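Notes follow once the structure below has been shown.
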Amino acid sequence: MDGRDRALALEPHCDDPLTLSRNVVQIMDMMQLYQAEVARILGLQCADVAALAQARTHLRPRNHAWRQACLLVRCYAALYARYDGDSVAMYHWVHRDLPAFGASPHRLMVDDHALADVVAHLEQTWQTTLPEVPTGDL
């Protein structure tokens with residue numbers, strides 16, 4: 001299965017811990033994110049993301065990491081829809097400085113913990129309809 005087929009296999013919803021965990025690992029690979037970067041985005045330890053990547057664990061529902069993972073799936077789905085799966089264009093958008101942010105979306109997601117702002121920008125700018133992030137008690 002090539003990268004495009006793998007991208008199409010992503011399910012942009014957050015109903016199942018195993019599916020969401022697999023989606024995060026796929027996105028990490030397709031967006032060329034380091035495990036340490038994903039750990040920062042999700043608010044986890046690097047060892048936790050390594051365990052996800054090795055399918056030794058999965059994300060737990062209704063906590064911060066779960067909500068961030070759902071946002072990461074929404075972010076990827078919006079980029080995929082906008083760029084028709086062109087991974088080079090998607091990578092370029094994530095890593096270039098954008099006037100709307102004053103920084104790159106990558107920096108906002110990893111260093112500034114502003115993944116929700118990136119998703120909101122994608123959805124507003126491109127009027128993409130994506131699944132809602134589940135809310136709930138911590």
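Residue numbering restarts at 1 in every chain; chains get A, B, ... in the order shown in the structure tokens, and ligands count up from 1 in that same order.
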**OP:** Fewer than 5 positions away in the same chain doesn't count, so skip those; otherwise give me all residues within 9 Å of A:Trp66, counting only C-alpha atoms, as a PyMOL selection string.
**Re:** chain A and resi 14+17+20-21+42+59-61+71+134
**OP:** Within 9 Å of A:Trp126, counting only C-alpha atoms, which residues show up once you throw out same-chain ones fewer than 5 positions away? Write them as a PyMOL selection string, please.
**Re:** chain A and resi 78+82+121
Original post:
Interatomic distance between atom CA of A:Asp86 and atom CA of A:Met31?
Top reply: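 Taking atom CA of A:Asp86 as the start and atom CA of A:Met31 as the end point, the length is 11.0 Å.
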**OP:** Pick out the residues sitting within 12 Å of A:Met109, and hand them over as a count of residues only; count only C-alpha atoms, and ignore anything fewer than 4 positions along from it in its own chain.
**Re:** 26
Subject >> d(atom CA of A:Gly85, atom CA of A:Val25) in Å >> reply: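 Separation of atom CA of A:Gly85 and atom CA of A:Val25: 17.1 Å.
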Subject >> Residue nearest A:Leu18 - candidates A:Thr57, A:Asn63, A:Ser87, A:Thr125, atoms counted: only C-alpha atoms >> reply: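 Closest to A:Leu18, using only C-alpha atoms: A:Thr57.
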Subject >> Spatial neighbours of A:Tyr83, 12 Å, only C-alpha atoms, chain gap at least 3 places, as a VMD selection string >> reply: chain A and resid 4 76 to 80 86 to 94 122 126
Original post:
Interatomic distance between atom CA of A:Asp15 and atom CA of A:Gln124?
Top reply: 24.2 Å
